[in-house]
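One file, coords-v3.txt, carrying compact mmCIF, C-alpha atoms:
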```txt
# COMPACT_ATOMS: atom_id res chain seq x y z
CA MET A 35 47.52 -3.83 52.04
CA ALA A 36 45.87 -1.85 49.38
CA LYS A 37 46.92 1.65 48.96
CA PHE A 38 44.30 4.23 49.47
CA ARG A 39 45.45 7.56 48.39
CA LYS A 40 43.62 10.44 49.70
CA ASP A 41 45.08 13.31 47.84
CA GLY A 42 41.83 14.94 46.83
CA GLY A 43 43.47 17.77 44.99
CA ARG A 44 43.93 15.69 41.87
CA ALA A 45 42.32 17.07 38.71
CA LEU A 46 39.71 14.92 37.01
CA PRO A 47 41.18 13.47 33.85
CA GLY A 48 39.51 14.84 30.75
CA LEU A 49 36.88 12.59 29.22
CA SER A 50 38.14 11.34 25.92
CA THR A 51 35.70 12.28 23.19
CA SER A 52 37.82 10.99 20.38
CA SER A 53 35.50 8.04 19.75
CA LEU A 54 32.39 10.18 19.73
CA PRO A 55 32.56 10.91 16.00
CA ASP A 56 32.82 7.20 15.31
CA ILE A 57 29.74 6.50 17.36
CA VAL A 58 27.78 9.26 15.73
CA PHE A 59 28.89 8.23 12.26
CA MET A 60 27.74 4.74 13.00
CA LEU A 61 24.33 6.08 13.97
CA LEU A 62 24.32 8.24 10.88
CA PHE A 63 24.98 5.33 8.57
CA PHE A 64 22.36 3.28 10.32
CA PHE A 65 19.75 5.94 9.72
CA MET A 66 20.89 6.54 6.18
CA THR A 67 20.39 2.93 5.27
CA ALA A 68 17.32 2.17 7.36
CA THR A 69 15.22 5.14 6.36
CA SER A 70 14.07 6.59 3.13
CA MET A 71 13.67 10.14 1.97
CA LYS A 72 10.30 11.78 2.26
CA GLU A 73 8.75 11.95 -1.16
CA VAL A 74 7.13 15.33 -0.84
CA THR A 75 5.78 17.73 1.69
CA TYR A 76 2.15 16.98 2.22
CA LYS A 77 -0.23 19.76 1.40
CA VAL A 78 -3.18 17.62 2.35
CA ASN A 79 -4.03 15.95 5.62
CA ILE A 80 -3.75 12.23 5.33
CA ASN A 81 -4.86 9.95 8.10
CA LEU A 82 -4.20 6.58 6.60
CA PRO A 83 -6.91 3.98 6.84
CA SER A 84 -6.24 0.65 8.47
CA ALA A 85 -6.18 -2.78 6.89
CA THR A 86 -4.70 -6.19 7.59
CA GLN A 87 -3.71 -7.73 4.27
CA LEU A 88 -0.78 -5.47 3.60
CA THR A 89 2.07 -5.91 1.21
CA LYS A 90 5.26 -3.93 1.23
CA LEU A 91 6.02 -1.55 -1.56
CA GLU A 92 9.20 -2.99 -2.95
CA LYS A 93 11.22 -0.73 -5.16
CA LYS A 94 10.87 2.94 -4.44
CA SER A 95 11.91 3.94 -7.91
CA LEU A 96 8.94 2.12 -9.38
CA VAL A 97 6.42 3.79 -7.15
CA LYS A 98 4.54 6.94 -8.04
CA TYR A 99 2.37 8.63 -5.50
CA VAL A 100 -1.05 10.18 -5.57
CA TYR A 101 -2.28 11.91 -2.45
CA ILE A 102 -5.90 12.65 -1.70
CA GLY A 103 -7.22 14.42 1.35
CA GLN A 104 -8.47 17.66 2.74
CA PRO A 105 -6.07 20.57 2.22
CA LYS A 106 -4.03 21.65 5.19
CA LYS A 107 -5.03 24.82 6.98
CA GLU A 108 -2.61 27.10 5.22
CA TRP A 109 -3.93 26.05 1.84
CA VAL A 110 -7.62 26.28 2.59
CA LYS A 111 -7.83 29.88 1.44
CA TYR A 112 -6.52 28.91 -1.99
CA VAL A 113 -8.31 25.69 -2.70
CA GLY A 114 -11.16 25.48 -0.21
CA THR A 115 -11.93 22.66 2.16
CA GLU A 116 -13.04 20.05 -0.33
CA SER A 117 -10.87 16.97 -0.67
CA CYS A 118 -8.06 17.57 -3.11
CA ILE A 119 -5.64 15.57 -5.16
CA GLN A 120 -1.97 16.33 -4.69
CA LEU A 121 0.57 15.29 -7.28
CA ASP A 122 4.15 15.97 -6.34
CA ASP A 123 3.94 19.43 -4.83
CA GLU A 124 0.87 20.70 -6.56
CA PHE A 125 -2.84 20.57 -6.10
CA VAL A 126 -4.80 19.20 -8.96
CA LYS A 127 -8.43 20.10 -9.40
CA ASP A 128 -9.29 17.74 -12.13
CA ALA A 129 -8.87 13.99 -11.83
CA ASP A 130 -8.09 13.84 -15.55
CA LYS A 131 -4.80 15.57 -14.85
CA VAL A 132 -3.72 12.44 -13.03
CA GLN A 133 -3.80 10.61 -16.32
CA SER A 134 -1.34 12.92 -18.06
CA TYR A 135 0.78 13.11 -14.93
CA ILE A 136 1.12 9.34 -14.73
CA ILE A 137 1.82 9.07 -18.45
CA ASP A 138 4.53 11.69 -18.16
CA LYS A 139 6.04 9.99 -15.15
CA ARG A 140 6.04 6.67 -16.89
CA ALA A 141 7.65 8.10 -19.98
CA ALA A 142 10.46 9.41 -17.81
CA MET A 143 11.11 5.97 -16.40
CA ASN A 144 13.55 3.39 -17.58
CA GLU A 145 11.93 1.42 -20.35
CA ASP A 146 12.38 -1.90 -18.61
CA ASP A 147 10.68 -0.61 -15.51
CA GLN A 148 7.70 0.98 -17.16
CA GLY A 149 5.58 -2.12 -16.99
CA GLN A 150 6.24 -2.56 -13.31
CA MET A 151 5.18 0.86 -12.23
CA VAL A 152 3.05 0.91 -9.13
CA VAL A 153 0.86 3.81 -8.20
CA SER A 154 0.55 4.25 -4.49
CA MET A 155 -2.64 5.93 -3.42
CA LYS A 156 -2.33 7.69 -0.13
CA VAL A 157 -5.85 8.61 0.71
CA ASP A 158 -7.30 10.02 3.87
CA LYS A 159 -9.69 7.57 5.47
CA ASP A 160 -12.57 10.04 5.58
CA THR A 161 -12.42 10.88 1.90
CA LYS A 162 -15.53 10.24 -0.12
CA MET A 163 -15.14 7.55 -2.74
CA GLY A 164 -16.26 9.84 -5.56
CA ILE A 165 -12.89 11.52 -5.97
CA VAL A 166 -11.05 8.26 -5.42
CA THR A 167 -13.06 6.62 -8.15
CA ASP A 168 -12.31 9.47 -10.53
CA VAL A 169 -8.61 8.99 -9.88
CA LYS A 170 -8.90 5.24 -10.32
CA GLN A 171 -10.67 5.80 -13.61
CA ALA A 172 -7.89 8.16 -14.70
CA LEU A 173 -5.29 5.57 -13.74
CA ARG A 174 -7.14 2.96 -15.75
CA ASN A 175 -7.13 5.23 -18.76
CA ALA A 176 -3.42 5.84 -18.28
CA ASN A 177 -2.98 2.09 -18.19
CA ALA A 178 -1.42 2.24 -14.75
CA LEU A 179 -3.17 -0.80 -13.44
CA LYS A 180 -1.00 -1.81 -10.53
CA ILE A 181 -2.10 0.22 -7.59
CA ASN A 182 -1.54 0.10 -3.91
CA TYR A 183 -3.86 1.57 -1.34
CA THR A 184 -1.53 2.69 1.39
CA ALA A 185 -2.80 1.69 4.80
CA LEU A 186 -1.62 1.11 8.31
CA GLY A 187 -1.57 -2.29 9.89
CA LYS A 188 -4.20 -3.00 12.49
CA MET B 127 70.35 21.15 16.69
CA GLY B 128 67.43 19.01 15.88
CA LYS B 129 67.77 17.18 19.06
CA LYS B 130 64.40 18.19 20.28
CA LYS B 131 62.00 15.62 19.00
CA ARG B 132 59.08 17.39 17.47
CA SER B 133 55.82 15.56 17.73
CA VAL B 134 53.47 15.87 14.82
CA GLY B 135 50.72 18.20 15.86
CA GLU B 136 47.61 16.17 16.52
CA LEU B 137 44.65 16.88 14.34
CA ASN B 138 41.97 18.54 16.31
CA ALA B 139 39.04 16.22 15.87
CA SER B 140 36.80 17.72 18.46
CA SER B 141 34.56 19.31 15.87
CA MET B 142 34.19 16.03 14.03
CA ALA B 143 31.49 15.02 16.45
CA ASP B 144 29.59 18.20 15.74
CA ILE B 145 29.76 17.65 12.02
CA ALA B 146 28.60 14.09 12.36
CA PHE B 147 25.78 15.12 14.66
CA LEU B 148 24.70 17.72 12.17
CA LEU B 149 24.54 15.15 9.40
CA LEU B 150 22.73 12.74 11.67
CA VAL B 151 20.09 15.29 12.58
CA PHE B 152 19.68 16.22 8.94
CA PHE B 153 18.98 12.62 7.98
CA LEU B 154 16.69 12.09 10.93
CA VAL B 155 14.59 15.02 9.84
CA THR B 156 14.43 14.40 6.12
CA THR B 157 13.84 10.70 6.12
CA SER B 158 11.02 8.58 7.31
CA MET B 159 11.50 5.28 9.02
CA SER B 160 8.31 3.57 8.05
CA THR B 161 8.24 1.84 4.73
CA ASP B 162 4.95 2.14 3.01
CA LYS B 163 2.62 -0.73 3.22
CA GLY B 164 -0.64 -1.07 1.51
CA LEU B 165 -3.31 -3.17 -0.07
CA ALA B 166 -2.09 -4.14 -3.52
CA ARG B 167 -4.82 -4.28 -6.12
CA ARG B 168 -5.01 -4.49 -9.85
CA LEU B 169 -7.34 -2.33 -11.85
CA PRO B 170 -9.14 -3.75 -14.85
CA PRO B 171 -7.72 -2.62 -18.18
CA PRO B 172 -9.41 0.37 -19.75
CA VAL B 173 -12.33 -0.24 -22.04
CA PRO B 174 -11.78 1.12 -25.53
CA LYS B 175 -14.15 4.03 -26.07
CA ASP B 176 -15.76 2.61 -29.17
CA LYS B 177 -16.46 -0.67 -27.50
CA ILE B 178 -18.59 0.57 -24.68
CA ASP B 179 -21.98 -0.91 -25.07
CA ASP B 180 -24.77 -1.66 -22.73
CA THR B 181 -25.02 -5.33 -23.43
CA GLU B 182 -24.28 -6.76 -20.08
CA ILE B 183 -22.66 -10.09 -20.08
CA GLU B 184 -25.15 -12.63 -18.98
CA MET B 185 -23.98 -14.05 -15.72
CA ASN B 186 -25.64 -16.85 -13.97
CA LYS B 187 -26.97 -15.34 -10.79
CA ARG B 188 -25.42 -17.99 -8.59
CA ASN B 189 -21.95 -17.10 -9.84
CA VAL B 190 -22.11 -13.50 -8.72
CA LEU B 191 -21.60 -12.15 -5.25
CA GLN B 192 -22.91 -8.66 -5.40
CA ILE B 193 -21.63 -6.27 -2.79
CA LEU B 194 -23.07 -2.81 -2.53
CA VAL B 195 -21.79 -0.12 -0.22
CA ASN B 196 -23.98 2.92 0.21
CA SER B 197 -23.11 6.42 1.32
CA ASN B 198 -23.80 5.51 4.95
CA ASN B 199 -21.14 2.83 4.65
CA ASP B 200 -23.76 0.09 5.00
CA LEU B 201 -23.11 -3.13 3.23
CA MET B 202 -25.52 -5.15 1.20
CA VAL B 203 -24.46 -8.54 -0.05
CA ASN B 204 -26.74 -10.29 -2.51
CA GLY B 205 -29.69 -8.33 -1.24
CA GLU B 206 -29.01 -8.84 2.45
CA VAL B 207 -27.57 -6.34 4.87
CA LEU B 208 -24.33 -7.67 6.29
CA GLU B 209 -21.69 -6.54 8.73
CA VAL B 210 -18.23 -5.95 7.29
CA SER B 211 -16.80 -8.32 9.88
CA LYS B 212 -18.88 -11.16 8.45
CA LEU B 213 -18.01 -10.42 4.85
CA LYS B 214 -14.83 -12.48 4.88
CA GLU B 215 -16.62 -15.68 5.87
CA LYS B 216 -19.37 -14.98 3.39
CA ALA B 217 -16.85 -14.43 0.61
CA LYS B 218 -14.93 -17.58 1.52
CA GLU B 219 -18.10 -19.62 1.45
CA PHE B 220 -18.96 -18.09 -1.88
CA ILE B 221 -15.59 -18.75 -3.47
CA LEU B 222 -15.24 -22.29 -2.19
CA ASN B 223 -18.83 -23.45 -2.21
CA PRO B 224 -17.95 -26.26 0.21
CA SER B 225 -21.45 -27.68 0.44
CA ASN B 226 -21.93 -27.75 -3.33
CA SER B 227 -24.99 -25.64 -2.86
CA GLU B 228 -27.24 -24.71 -5.75
CA GLU B 229 -27.15 -21.12 -4.62
CA LEU B 230 -23.40 -20.78 -4.75
CA PRO B 231 -21.11 -20.83 -7.81
CA GLU B 232 -20.94 -23.98 -9.84
CA LYS B 233 -17.86 -26.10 -9.48
CA GLU B 234 -15.72 -27.42 -12.26
CA VAL B 235 -12.77 -29.73 -12.47
CA GLY B 236 -9.56 -28.28 -13.77
CA SER B 237 -6.08 -29.66 -14.03
CA PHE B 238 -3.39 -27.58 -12.40
CA GLY B 239 0.18 -28.72 -12.85
CA SER B 240 1.50 -30.48 -9.81
CA PHE B 241 -1.78 -30.19 -7.97
CA GLY B 242 -3.58 -32.48 -10.40
CA ASN B 243 -7.30 -32.21 -10.79
CA VAL B 244 -8.99 -29.73 -8.55
CA MET B 245 -12.61 -28.80 -8.14
CA TYR B 246 -12.95 -25.08 -8.23
CA THR B 247 -15.48 -22.38 -8.90
CA LYS B 248 -14.22 -21.15 -12.18
CA LYS B 249 -16.95 -18.74 -13.02
CA HIS B 250 -17.37 -16.93 -9.74
CA VAL B 251 -17.21 -13.17 -9.76
CA ILE B 252 -17.37 -10.78 -6.87
CA SER B 253 -18.96 -7.57 -7.96
CA LEU B 254 -18.29 -4.55 -5.85
CA GLN B 255 -20.15 -1.35 -6.22
CA ASN B 256 -19.94 1.68 -4.05
CA ASP B 257 -21.58 5.03 -3.83
CA ARG B 258 -19.69 8.22 -4.56
CA GLY B 259 -20.38 9.20 -0.98
CA THR B 260 -18.94 6.07 0.56
CA GLN B 261 -16.17 6.69 3.03
CA TYR B 262 -12.75 5.52 1.86
CA GLN B 263 -12.16 3.53 5.03
CA ALA B 264 -15.38 1.60 4.51
CA TYR B 265 -14.40 0.84 0.94
CA LEU B 266 -10.98 -0.32 2.01
CA ASP B 267 -12.51 -2.49 4.74
CA VAL B 268 -14.50 -4.30 2.10
CA GLN B 269 -11.48 -4.68 -0.17
CA ASN B 270 -9.46 -5.86 2.78
CA ALA B 271 -12.05 -8.46 3.73
CA LEU B 272 -12.13 -9.80 0.19
CA VAL B 273 -8.36 -9.98 -0.11
CA ALA B 274 -8.25 -11.65 3.30
CA ALA B 275 -10.78 -14.22 2.12
CA TYR B 276 -8.67 -15.06 -0.92
CA ASP B 277 -5.47 -15.14 1.12
CA GLU B 278 -6.99 -17.50 3.65
CA ILE B 279 -8.37 -19.75 0.97
CA ARG B 280 -5.00 -19.95 -0.72
CA ASP B 281 -3.29 -20.59 2.60
CA ASP B 282 -5.75 -23.32 3.54
CA PHE B 283 -5.41 -24.95 0.17
CA SER B 284 -1.61 -24.87 0.32
CA MET B 285 -1.67 -26.26 3.85
CA GLN B 286 -3.93 -29.08 2.81
CA LYS B 287 -1.98 -30.02 -0.31
CA ARG B 288 1.60 -29.27 0.62
CA GLY B 289 1.59 -28.68 4.36
CA LYS B 290 2.98 -25.23 3.83
CA LYS B 291 1.59 -21.77 3.75
CA PHE B 292 1.00 -20.11 0.41
CA ALA B 293 3.94 -17.76 0.83
CA GLU B 294 6.28 -20.69 1.41
CA LEU B 295 5.36 -22.52 -1.77
CA SER B 296 7.65 -22.45 -4.77
CA GLU B 297 6.98 -19.80 -7.36
CA GLU B 298 5.42 -22.24 -9.78
CA GLU B 299 3.15 -23.67 -7.15
CA GLN B 300 2.11 -20.19 -6.14
CA LYS B 301 1.16 -19.45 -9.71
CA GLU B 302 -0.91 -22.60 -9.89
CA VAL B 303 -2.71 -21.79 -6.67
CA GLN B 304 -3.36 -18.30 -7.95
CA LYS B 305 -4.87 -19.84 -11.05
CA ILE B 306 -7.15 -22.03 -8.97
CA PHE B 307 -8.29 -19.10 -6.87
CA PRO B 308 -7.88 -16.00 -8.98
CA GLN B 309 -8.97 -12.75 -7.42
CA LYS B 310 -12.04 -11.96 -9.37
CA ILE B 311 -13.22 -8.72 -7.94
CA SER B 312 -14.96 -6.56 -10.44
CA GLU B 313 -15.66 -2.99 -9.57
CA ALA B 314 -18.59 -1.40 -11.25
CA GLU B 315 -18.84 2.29 -11.84
CA PRO B 316 -20.12 3.94 -8.70
CA LYS B 317 -23.60 5.29 -8.68
CA ASN B 318 -24.90 8.22 -6.85
CA TYR B 319 -27.74 6.57 -5.08
CA GLY B 320 -28.54 7.04 -1.45
CA GLY B 321 -27.87 10.77 -1.48
CA ASN B 322 -24.84 12.56 -0.26
```
Would it be possible to restate this file's structure as structure tokens?
Amino acid sequence: MAKFRKDGGRALPGLSTSSLPDIVFMLLFFFMTATSMKEVTYKVNINLPSATQLTKLEKKSLVKYVYIGQPKKEWVKYVGTESCIQLDDEFVKDADKVQSYIIDKRAAMNEDDQGQMVVSMKVDKDTKMGIVTDVKQALRNANALKINYTALGK
Amino acid sequence: MGKKKRSVGELNASSMADIAFLLLVFFLVTTSMSTDKGLARRLPPPVPKDKIDDTEIEMNKRNVLQILVNSNNDLMVNGEVLEVSKLKEKAKEFILNPSNSEELPEKEVGSFGSFGNVMYTKKHVISLQNDRGTQYQAYLDVQNALVAAYDEIRDDFSMQKRGKKFAELSEEEQKEVQKIFPQKISEAEPKNYGGN
């Protein structure tokens, strides 16, 4: 016959949390490997457009970013509401600045990688093409011909 | 003396979980899960300043698919208004010229490595021109449709010749197929017609 003890006064054994750090570390390493660092803090609003024929951006170190969109609320008083170009953490008024920026960035790269540089254009879907074309022209002049229009899958 | 067995004091690891959680939260906040994806394009090389002239290269009209996008995001293809959704089929027909039509690009025979002789439209060019007021999404839709047309053509061709999709071909074969169907999308300088 099974023994049923009914001494209710027994204290609940403490839950062992010794494996908790291991579990959390495992999660941590998963996220460290599966994610990538944010490049910059956006100062412009970017709602990415959608497209179907997407390719992945391979090596992060080869990718330089250009952001175009309307400035976020807190920046409107400085730069107005017109669509702006953001390079790294700064607003750029003139599309020609993109040229020198890209040239500088390329010069800072490893020589072997310079030819493989990709410029990723993160552009808000409601942006007018005028500013985008100016940037494209600047990229052409900087000889940064490989570009990638960032978009979301449909 | 010394009879009492002293146990080594256990390391208090209870705060380890906190530390690990802290790190975890830090990485969750500063990183982004999604890898960037996008439409890869190649810009034409810059034109040397002293070489800019107005002599337009004479192109046979049948070899050019002219796509205009105005500031209302309307599409005009070779003088006809067209929906973006129909652009892909139109572009495919243009690039392949399956019916050997007089209106569509002329076909030539070229020899491509392991694929042997192939009839292809060597001289075709897709000319894309947009207004400065065109919406970016509309522009990207057009680009997307054109890239999709080329991708499908390459896939179909690979299927027909090798029974595999383009992406599954060997690197050399991919290069050959790219040579047969090169992406010839020329982007003219945008004009400011059609108002803002």
>> Under the rule that all atoms listed in the file are counted, which of A:Val126, A:Val113, A:Met71, A:Ile80 is the nearest residue to chain B?
In response: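 Distance minimum relative to chain B lands on A:Met71.
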>> Can you work out which residues from chain B touch chain A at a cut-off of 9 Å (counting all atoms listed in the file) and hand them back as a PyMOL selection string?
In response: chain B and resi 139-147+149-151+153-154+156-173+197+256-267+270-271+273-274+277+315-316+318
>> Report, in Å to a single decimal, how far apart CA of Pro224 (chain B) and CA of Leu191 (chain B) are.
In response: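 Answer for the CA of Leu191 (chain B) to CA of Pro224 (chain B) separation: 15.6 Å.
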> Can you tell me how far CA of Glu124 (chain A) sits from CA of Lys77 (chain A), in Å to one decimal?
Replying inline: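 Calculated distance between CA of Glu124 (chain A) and CA of Lys77 (chain A) is 8.1 Å.
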> Got a sec: who's within 9 Å of Arg280 (chain B), counting all atoms listed in the file, leaving out chain neighbours fewer than 6 positions off, as a list in words?
Replying inline: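 Within the cut-off, the hits are Lys291, Phe292, Gln300, Val303, Gln304, Ile306 and Phe307 of chain B.
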>> Using Å and a single decimal, report how far CA of Val268 (chain B) sits from CA of Lys106 (chain A).
In response: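 About the pair CA of Lys106 (chain A) and CA of Val268 (chain B): they are 28.2 Å apart.
Compared by their closest atoms to Gly149 (chain A), and using all atoms listed in the file, the residues A:Ile137, A:Leu46, A:Val78, A:Ile119 rank with A:Ile137 nearest.
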